[in-house]
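File shown: query-v5.txt (compact mmCIF, C-alpha atoms).
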```txt
# COMPACT_ATOMS: atom_id res chain seq x y z
CA MET A 1 -24.32 -21.98 -110.23
CA ALA A 2 -21.97 -24.94 -110.39
CA GLU A 3 -20.82 -26.88 -107.33
CA ILE A 4 -17.09 -26.95 -106.67
CA LYS A 5 -15.65 -30.24 -105.46
CA SER A 6 -12.63 -28.94 -103.52
CA ILE A 7 -11.61 -25.74 -101.77
CA GLU A 8 -8.55 -25.50 -104.03
CA GLU A 9 -10.90 -24.81 -106.95
CA ALA A 10 -12.79 -22.05 -105.11
CA VAL A 11 -12.34 -18.60 -106.64
CA PRO A 12 -13.39 -15.12 -105.42
CA GLY A 13 -17.10 -14.67 -105.99
CA SER A 14 -17.93 -18.24 -104.95
CA ILE A 15 -20.70 -18.85 -102.40
CA VAL A 16 -19.93 -21.01 -99.37
CA PHE A 17 -22.47 -22.90 -97.23
CA PHE A 18 -21.19 -24.24 -93.92
CA MET A 19 -22.07 -24.95 -90.29
CA ASP A 20 -21.40 -22.24 -87.72
CA ALA A 21 -22.01 -23.43 -84.16
CA LYS A 22 -21.97 -19.86 -82.83
CA ASN A 23 -24.58 -18.59 -85.27
CA ARG A 24 -28.02 -18.27 -83.68
CA MET A 25 -29.84 -18.75 -86.97
CA PRO A 26 -31.44 -22.18 -87.51
CA PRO A 27 -30.17 -24.36 -90.36
CA GLN A 28 -31.46 -23.30 -93.78
CA LYS A 29 -33.02 -25.48 -96.48
CA SER A 30 -29.49 -26.29 -97.58
CA GLY A 31 -28.91 -28.00 -94.23
CA PHE A 32 -26.25 -25.46 -93.28
CA SER A 33 -26.55 -22.64 -90.75
CA GLN A 34 -24.25 -20.16 -92.48
CA ILE A 35 -23.69 -18.64 -95.90
CA GLY A 36 -20.70 -16.58 -96.96
CA ILE A 37 -18.87 -15.34 -100.01
CA ILE A 38 -15.22 -15.68 -100.96
CA HIS A 39 -14.32 -12.03 -101.45
CA GLN A 40 -10.57 -12.53 -101.64
CA LYS A 41 -8.47 -15.59 -102.42
CA GLY A 42 -9.15 -18.11 -99.66
CA LYS A 43 -11.08 -15.62 -97.46
CA VAL A 44 -14.77 -15.98 -96.63
CA LEU A 45 -16.94 -13.04 -95.59
CA TYR A 46 -20.11 -13.82 -93.61
CA VAL A 47 -22.49 -12.48 -90.95
CA ARG A 48 -22.98 -14.17 -87.59
CA LYS A 49 -26.06 -13.50 -85.50
CA THR A 50 -25.51 -13.54 -81.73
CA ILE A 51 -27.90 -12.88 -78.86
CA TRP A 52 -27.29 -9.14 -78.96
CA ARG A 53 -26.30 -8.28 -82.50
CA ARG A 54 -25.20 -9.32 -85.96
CA LYS A 55 -21.49 -9.21 -86.70
CA LEU A 56 -19.57 -9.21 -89.98
CA LEU A 57 -16.70 -11.70 -89.90
CA GLU A 58 -13.93 -12.95 -92.15
CA LYS A 59 -12.46 -16.43 -92.03
CA GLU A 60 -9.92 -18.44 -93.94
CA LEU A 61 -11.71 -21.00 -96.09
CA SER A 62 -9.21 -23.64 -94.99
CA GLU A 63 -10.14 -23.04 -91.33
CA ILE A 64 -13.82 -23.91 -91.74
CA LYS A 65 -14.40 -27.19 -89.94
CA GLY A 66 -17.00 -29.77 -90.87
CA PRO A 67 -18.99 -30.22 -94.07
CA LEU A 68 -19.38 -27.36 -96.52
CA SER A 69 -20.63 -26.73 -100.03
CA ILE A 70 -19.10 -24.25 -102.47
CA TYR A 71 -20.80 -22.92 -105.59
CA SER A 72 -19.44 -20.62 -108.26
CA LEU A 73 -21.11 -18.62 -111.00
CA LYS A 74 -20.62 -19.99 -114.48
CA ASP A 75 -19.84 -16.50 -115.79
CA LEU A 76 -16.35 -15.49 -114.63
CA GLU A 77 -16.92 -11.81 -115.46
CA GLU A 78 -20.00 -11.71 -113.22
CA SER A 79 -17.95 -13.27 -110.42
CA LYS A 80 -15.37 -10.50 -110.80
CA LYS A 81 -18.06 -7.80 -110.59
CA ILE A 82 -19.57 -9.38 -107.48
CA THR A 83 -16.16 -9.70 -105.84
CA ARG A 84 -15.45 -6.04 -106.59
CA PHE A 85 -18.67 -5.02 -104.81
CA PHE A 86 -17.58 -6.77 -101.62
CA ASN A 87 -14.09 -5.25 -101.77
CA ILE A 88 -14.55 -1.60 -102.80
CA ASN A 89 -17.45 -0.70 -100.51
CA ILE A 90 -17.25 -0.05 -96.79
CA MET A 91 -18.52 -3.45 -95.75
CA ASN A 92 -20.92 -4.00 -92.86
CA CYS A 93 -23.81 -6.36 -92.17
CA ARG A 94 -26.35 -4.37 -94.17
CA MET A 95 -24.06 -3.99 -97.17
CA PHE A 96 -23.30 -7.72 -97.02
CA ASP A 97 -27.04 -8.49 -96.97
CA LEU A 98 -27.57 -6.21 -99.96
CA GLY A 99 -24.89 -7.94 -101.99
CA MET A 100 -26.11 -11.43 -101.16
CA ARG A 101 -29.68 -10.43 -101.98
CA TYR A 102 -28.76 -9.28 -105.47
CA ILE A 103 -26.63 -12.33 -106.20
CA LYS A 104 -29.91 -14.24 -105.99
CA ARG A 105 -32.10 -11.59 -107.57
CA ASP A 106 -30.27 -9.81 -110.39
CA THR A 107 -26.52 -9.79 -110.99
CA THR A 108 -26.75 -6.77 -113.33
CA PHE A 109 -26.95 -4.83 -110.05
CA PHE A 110 -23.17 -5.29 -109.78
CA ASP A 111 -22.53 -3.38 -113.02
CA LYS A 112 -22.48 -0.26 -110.80
CA PRO A 113 -20.94 -1.69 -107.64
CA LEU A 114 -19.72 1.33 -105.64
CA LEU A 115 -22.37 2.44 -103.13
CA LEU A 116 -20.69 3.10 -99.80
CA PRO A 117 -17.25 4.63 -100.51
CA LYS A 118 -14.49 5.49 -98.09
CA LEU A 119 -14.60 9.24 -97.51
CA ASN A 120 -11.18 10.84 -97.33
CA LYS A 121 -10.56 14.15 -95.61
CA ILE A 122 -10.30 17.05 -98.06
CA VAL A 123 -7.33 19.27 -97.26
CA ASP A 124 -6.73 20.99 -100.60
CA GLN A 125 -9.31 23.66 -101.49
CA ASP A 126 -8.47 23.53 -105.21
CA ASP A 127 -9.07 19.78 -105.15
CA PHE A 128 -12.43 20.35 -103.48
CA ILE A 129 -13.49 22.93 -106.10
CA LYS A 130 -12.51 20.54 -108.88
CA LYS A 131 -14.56 17.73 -107.33
CA TRP A 132 -17.47 20.10 -106.62
CA ASN A 133 -17.62 21.23 -110.26
CA LEU A 134 -17.51 17.62 -111.45
CA LEU A 135 -20.26 16.63 -109.05
CA LYS A 136 -22.40 19.61 -110.04
CA SER A 137 -21.98 18.91 -113.77
CA ASN A 138 -23.25 15.34 -113.30
CA LEU A 139 -26.45 16.27 -111.45
CA LYS A 140 -29.86 15.47 -112.89
CA PRO A 141 -33.34 16.35 -111.58
CA VAL A 142 -34.45 14.18 -108.59
CA ASP A 143 -30.92 12.93 -107.91
CA LEU A 144 -30.37 12.43 -104.20
CA LEU A 145 -27.59 14.25 -102.39
CA LEU A 146 -26.52 12.27 -99.34
CA ILE A 147 -24.47 14.47 -97.06
CA TYR A 148 -22.18 14.25 -94.05
CA ASP A 149 -21.12 17.39 -92.16
CA THR A 150 -17.65 16.65 -90.75
CA SER A 151 -17.91 19.60 -88.34
CA SER A 152 -21.11 18.40 -86.65
CA ILE A 153 -21.34 16.03 -83.69
CA VAL A 154 -25.02 15.51 -84.52
CA SER A 155 -24.09 14.38 -88.04
CA TRP A 156 -21.57 11.95 -86.60
CA LEU A 157 -24.17 10.52 -84.22
CA ILE A 158 -26.74 10.10 -87.00
CA LYS A 159 -24.39 8.29 -89.37
CA THR A 160 -23.09 6.09 -86.56
CA ILE A 161 -26.53 5.07 -85.30
CA ASP A 162 -27.69 4.63 -88.89
CA ASN A 163 -24.75 2.30 -89.60
CA GLY A 164 -23.49 4.19 -92.63
CA ILE A 165 -21.52 7.21 -93.82
CA TRP A 166 -24.29 9.76 -94.45
CA SER A 167 -26.34 11.86 -92.04
CA HIS A 168 -28.62 13.97 -94.24
CA VAL A 169 -30.46 13.72 -97.54
CA ALA A 170 -31.53 16.37 -100.04
CA GLY A 171 -33.14 16.12 -103.47
CA TYR A 172 -31.98 18.05 -106.52
CA THR A 173 -34.71 19.97 -108.37
CA GLY A 174 -32.81 20.53 -111.60
CA ASP A 175 -33.05 24.30 -111.13
CA GLY A 176 -29.87 24.77 -109.12
CA THR A 177 -31.72 24.18 -105.87
CA VAL A 178 -32.30 21.32 -103.45
CA TRP A 179 -35.30 20.44 -101.32
CA GLU A 180 -34.68 19.04 -97.88
CA ALA A 181 -35.93 18.87 -94.30
CA ILE A 182 -33.86 20.92 -91.87
CA SER A 183 -34.53 22.04 -88.30
CA SER A 184 -36.77 24.89 -89.47
CA GLY A 185 -38.85 22.53 -91.63
CA ALA A 186 -39.03 21.47 -95.28
CA VAL A 187 -37.30 24.02 -97.51
CA GLU A 188 -35.97 24.62 -100.99
CA ARG A 189 -32.65 26.45 -101.13
CA PRO A 190 -29.60 26.89 -103.39
CA LEU A 191 -27.33 23.93 -104.00
CA GLU A 192 -24.43 26.27 -103.24
CA VAL A 193 -25.12 26.06 -99.48
CA TYR A 194 -23.14 22.80 -99.63
CA LYS A 195 -20.17 24.27 -101.49
CA ASN A 196 -17.93 23.87 -98.47
CA SER A 197 -15.13 21.38 -97.89
CA LYS A 198 -16.58 20.44 -94.49
CA TYR A 199 -19.29 18.52 -96.36
CA HIS A 200 -18.91 15.10 -97.90
CA ILE A 201 -21.55 14.66 -100.61
CA GLY A 202 -22.66 11.63 -102.59
CA VAL A 203 -24.91 11.92 -105.64
CA TYR A 204 -27.20 8.91 -105.97
CA ARG A 205 -29.47 8.21 -108.93
CA PHE A 206 -32.48 5.93 -109.21
CA ARG A 207 -31.45 2.78 -111.09
CA GLU A 208 -34.61 2.75 -113.20
CA GLU A 209 -34.57 5.46 -115.85
CA LEU A 210 -37.15 8.16 -115.12
CA SER A 211 -38.92 10.13 -117.82
CA ASP A 212 -38.87 13.94 -117.73
CA GLN A 213 -42.54 13.86 -116.74
CA GLU A 214 -41.92 11.46 -113.86
CA ALA A 215 -39.03 13.59 -112.61
CA ALA A 216 -41.17 16.74 -112.81
CA GLU A 217 -43.95 15.05 -110.83
CA ILE A 218 -41.52 14.03 -108.10
CA VAL A 219 -40.13 17.57 -107.84
CA SER A 220 -43.68 18.96 -107.73
CA LYS A 221 -44.68 16.56 -104.98
CA ALA A 222 -41.60 17.47 -102.96
CA ARG A 223 -42.35 21.17 -103.29
CA GLU A 224 -45.83 20.57 -101.88
CA ARG A 225 -44.15 19.70 -98.58
CA ILE A 226 -42.19 22.95 -98.34
CA GLY A 227 -43.08 24.74 -95.12
CA GLN A 228 -44.06 21.59 -93.25
CA PRO A 229 -42.38 21.15 -89.85
CA TYR A 230 -39.42 18.86 -89.36
CA GLY A 231 -40.46 15.37 -88.23
CA TYR A 232 -38.58 15.12 -84.94
CA LEU A 233 -40.81 12.33 -83.62
CA THR A 234 -40.21 10.28 -86.76
CA LEU A 235 -36.47 10.90 -86.41
CA LEU A 236 -36.49 9.75 -82.78
CA TRP A 237 -38.51 6.65 -83.66
CA ILE A 238 -36.12 5.69 -86.46
CA GLY A 239 -33.16 6.28 -84.13
CA TRP A 240 -34.74 3.97 -81.54
CA LEU A 241 -35.19 1.26 -84.16
CA ARG A 242 -31.56 1.59 -85.22
CA LEU A 243 -30.21 1.39 -81.67
CA PHE A 244 -32.10 -1.81 -81.03
CA LYS A 245 -31.34 -3.25 -84.50
CA ARG A 246 -34.97 -3.43 -85.59
CA ASN A 247 -36.03 -3.52 -89.24
CA SER A 248 -36.11 -0.23 -91.10
CA PHE A 249 -39.24 1.29 -92.60
CA LEU A 250 -37.79 0.50 -96.00
CA PHE A 251 -39.01 -3.07 -96.24
CA GLU A 252 -42.18 -2.74 -94.17
CA GLY A 253 -44.88 -2.47 -96.78
CA GLU A 254 -44.89 0.38 -99.26
CA PHE A 255 -41.64 2.26 -99.79
CA ASP A 256 -41.94 5.74 -98.30
CA PRO A 257 -38.88 7.97 -98.88
CA TRP A 258 -40.14 10.43 -96.27
CA LYS A 259 -39.84 7.88 -93.46
CA ILE A 260 -36.40 6.41 -94.01
CA THR A 261 -32.91 7.46 -93.02
CA PRO A 262 -30.17 8.62 -95.43
CA ASN A 263 -28.31 5.32 -95.45
CA ASP A 264 -31.51 3.37 -96.11
CA PHE A 265 -31.42 4.79 -99.63
CA VAL A 266 -28.04 3.11 -100.09
CA TYR A 267 -29.01 -0.21 -98.53
CA SER A 268 -32.21 -0.42 -100.57
CA GLY A 269 -30.13 -1.03 -103.70
CA LEU A 270 -32.56 1.14 -105.67
CA TRP A 271 -30.05 3.95 -106.21
CA TRP A 272 -26.49 3.93 -107.55
CA LEU A 273 -23.62 6.25 -106.74
CA VAL A 274 -22.90 8.71 -109.56
CA GLU A 275 -20.26 10.93 -107.96
CA PHE A 276 -18.98 11.81 -104.51
CA ILE A 277 -16.72 14.22 -102.66
```
So that I can check it, write out the structure of this file as structure tokens.
Amino acid sequence: MAEIKSIEEAVPGSIVFFMDAKNRMPPQKSGFSQIGIIHQKGKVLYVRKTIWRRKLLEKELSEIKGPLSIYSLKDLEESKKITRFFNINIMNCRMFDLGMRYIKRDTTFFDKPLLLPKLNKIVDQDDFIKKWNLLKSNLKPVDLLLIYDTSSIVSWLIKTIDNGIWSHVAGYTGDGTVWEAISSGAVERPLEVYKNSKYHIGVYRFREELSDQEAAEIVSKARERIGQPYGYLTLLWIGWLRLFKRNSFLFEGEFDPWKITPNDFVYSGLWWLVEFI
């Protein structure tokens, strides 16, 4: 990254370090207490930690008081991809954290930037069928189907507590069926159970290419769990963690897809969005 000498030179995609007196995080190694990104011309997006919660905020770059440092990527195309990520996704604290993490780690992550799309109400049945057929044609074995049932209060509560847009997850077997955990336990059933316009569905695919053998092993392992009871205690525990803003299971030791919530798959950054309804 190259340091920018004046705010007039700052372009979208630039990183901004500054002091935020209301932020309860101690100053970083940079000497500043806050880091943000210019996601639109002259507008800085950042997260402030208060006593009770973390809050996503936007501020005019010109309104930041005190010393600041601005850095831009040398590659303008990469800056455009990063900026797009922060503008096309539903942005919240966890999505902001994900984007900032991959700016440091691997900017190729932003080649597939859409992860948390805005879900529009489907009113035309023909439009739904068209989107369903497109979604179905793009499915591959072990793709994840993240789902939101617009007719269910429970689904609304789950996605709200989980700070995302999805309330349920299923895995595609490649045989026209999905495996999932429902109230009666772990089951495998036809994909067609979700062919209904009340469902919003997102197809997510693991970013690392899987071999046919690896995919088959994952499907086999999932099928071993069929018949097991639904993990209500795990669900309640995860819900408690979410309500009190504790860390998710995702980054506590080994990754265990059986102990995380639907939106954790998105915020992990390990999957990318292939198609959605």
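With all atoms listed in the file as the basis for measurement, A:His200 is the residue among A:Lys49, A:Lys140, A:Arg207, A:His200 that approaches Ser167 of chain A most closely.
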Counting all atoms listed in the file, which residues of segment 138-253 of chain A fall within 12 Å of segment 76-90 of chain A, and what is the closest atom pair for each with its distance in Å at one decimal, ordered by chain and rising number, as JSON lines?
```
{"residue": "A:Asn163", "atom": "CA", "partner": "A:Ile90", "partner_atom": "CA", "distance": 10.7}
{"residue": "A:Gly164", "atom": "CA", "partner": "A:Ile90", "partner_atom": "CA", "distance": 8.6}
{"residue": "A:Ile165", "atom": "CA", "partner": "A:Ile90", "partner_atom": "CA", "distance": 8.9}
```
Here is a test: counting only C-alpha atoms, which residue of A:Asp264, A:Glu58, A:Glu8, A:Asp106 is nearest to Tyr46 of chain A?
A:Glu58
May I ask for the distance between atom CA of Leu56 of chain A and atom CA of Phe96 of chain A, given in Å to one decimal place?
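Between atom CA of Leu56 of chain A and atom CA of Phe96 of chain A the gap works out to 8.1 Å.
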Option closest in space to Ser6 of chain A, from A:Leu68, A:Leu115, A:Val142, A:Ala215 [counting all atoms listed in the file]
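Ranked by minimum distance to Ser6 of chain A, first place goes to A:Leu68.
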Residues near Ile122 of chain A, anyone? I mean within 10 Å using all atoms listed in the file, not counting same-chain ones fewer than 4 positions away, as a list in words.
Asp126, Asp127, Phe128, Ser197, Lys198, Tyr199, His200 and Ile277 of chain A
Taking all atoms listed in the file into account, which of A:Pro141, A:Pro229, A:Gly202, A:Gly176 comes nearest Pro190 of chain A?
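Counting all atoms listed in the file, the residue closest to Pro190 of chain A is A:Gly176.
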The distance between atom CA of Ile15 of chain A and atom CA of Tyr102 of chain A is 12.9 Å
Between atom CA of Val169 of chain A and atom CA of Leu119 of chain A, what distance in Å does the model show, to one decimal?
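Spanning atom CA of Val169 of chain A to atom CA of Leu119 of chain A is a straight-line distance of 16.5 Å.
The protein and nucleic acid residues lying at most 12 Å from Lys221 of chain A are Val142, Gly171, Thr173, Trp179, Glu214, Ala215, Ala216, Ile226 and Trp258 of chain A, with all atoms listed in the file considered and sequence neighbours fewer than 5 positions away removed.
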For the residues in that selection, give me C-alpha atoms as an mmCIF file, keeping the file's coordinate frame.
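selection_4.cif, written as the output of this step:
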```
data_model
loop_
_atom_site.group_PDB
_atom_site.id
_atom_site.type_symbol
_atom_site.label_atom_id
_atom_site.label_comp_id
_atom_site.auth_asym_id
_atom_site.auth_seq_id
_atom_site.Cartn_x
_atom_site.Cartn_y
_atom_site.Cartn_z
ATOM 1 C CA VAL A 142 -34.450 14.180 -108.590
ATOM 2 C CA GLY A 171 -33.140 16.120 -103.470
ATOM 3 C CA THR A 173 -34.710 19.970 -108.370
ATOM 4 C CA TRP A 179 -35.300 20.440 -101.320
ATOM 5 C CA GLU A 214 -41.920 11.460 -113.860
ATOM 6 C CA ALA A 215 -39.030 13.590 -112.610
ATOM 7 C CA ALA A 216 -41.170 16.740 -112.810
ATOM 8 C CA ILE A 226 -42.190 22.950 -98.340
ATOM 9 C CA TRP A 258 -40.140 10.430 -96.270
#
```
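Between Met1 of chain A and the candidates A:Lys131, A:Arg24, A:Lys104, A:Arg54, the tightest atom-to-atom separation, counting all atoms listed in the file, involves A:Lys104.
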Could you put an axis-aligned box around every listed atom of segment 91-94 of chain A, padded by 6 Å on each side, and send me its centre and edge lengths in Å to one decimal, as JSON?
```
{"center_x": -22.4, "center_y": -4.9, "center_z": -94.0, "size_x": 19.8, "size_y": 14.9, "size_z": 15.6}
```
Any idea what's packed within 12 Å of Gln228 of chain A, counting all atoms listed in the file, ignoring anything in its chain fewer than 6 positions away? Could you give it as a list in words?
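My list of contacting residues is Trp179, Glu180, Ala181, Ile182, Ser183, Ser184, Gly185, Ala186, Val187, Glu188 and Ala222 of chain A.
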Residues within 7 Å of Leu146 of chain A, please, as a PDB file with C-alpha atoms, in the frame of the given file. Count all atoms listed in the file; anything in the same chain fewer than 5 positions from it doesn't count.
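Listed below is the output, selection.pdb:
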```pdb
ATOM      1  CA  TRP A 166     -24.290   9.760 -94.450  1.00  0.00           C
ATOM      2  CA  HIS A 168     -28.620  13.970 -94.240  1.00  0.00           C
ATOM      3  CA  VAL A 169     -30.460  13.720 -97.540  1.00  0.00           C
ATOM      4  CA  ALA A 170     -31.530  16.370-100.040  1.00  0.00           C
ATOM      5  CA  ILE A 201     -21.550  14.660-100.610  1.00  0.00           C
ATOM      6  CA  GLY A 202     -22.660  11.630-102.590  1.00  0.00           C
ATOM      7  CA  VAL A 203     -24.910  11.920-105.640  1.00  0.00           C
ATOM      8  CA  PRO A 262     -30.170   8.620 -95.430  1.00  0.00           C
TER       9      PRO A 262
END
```
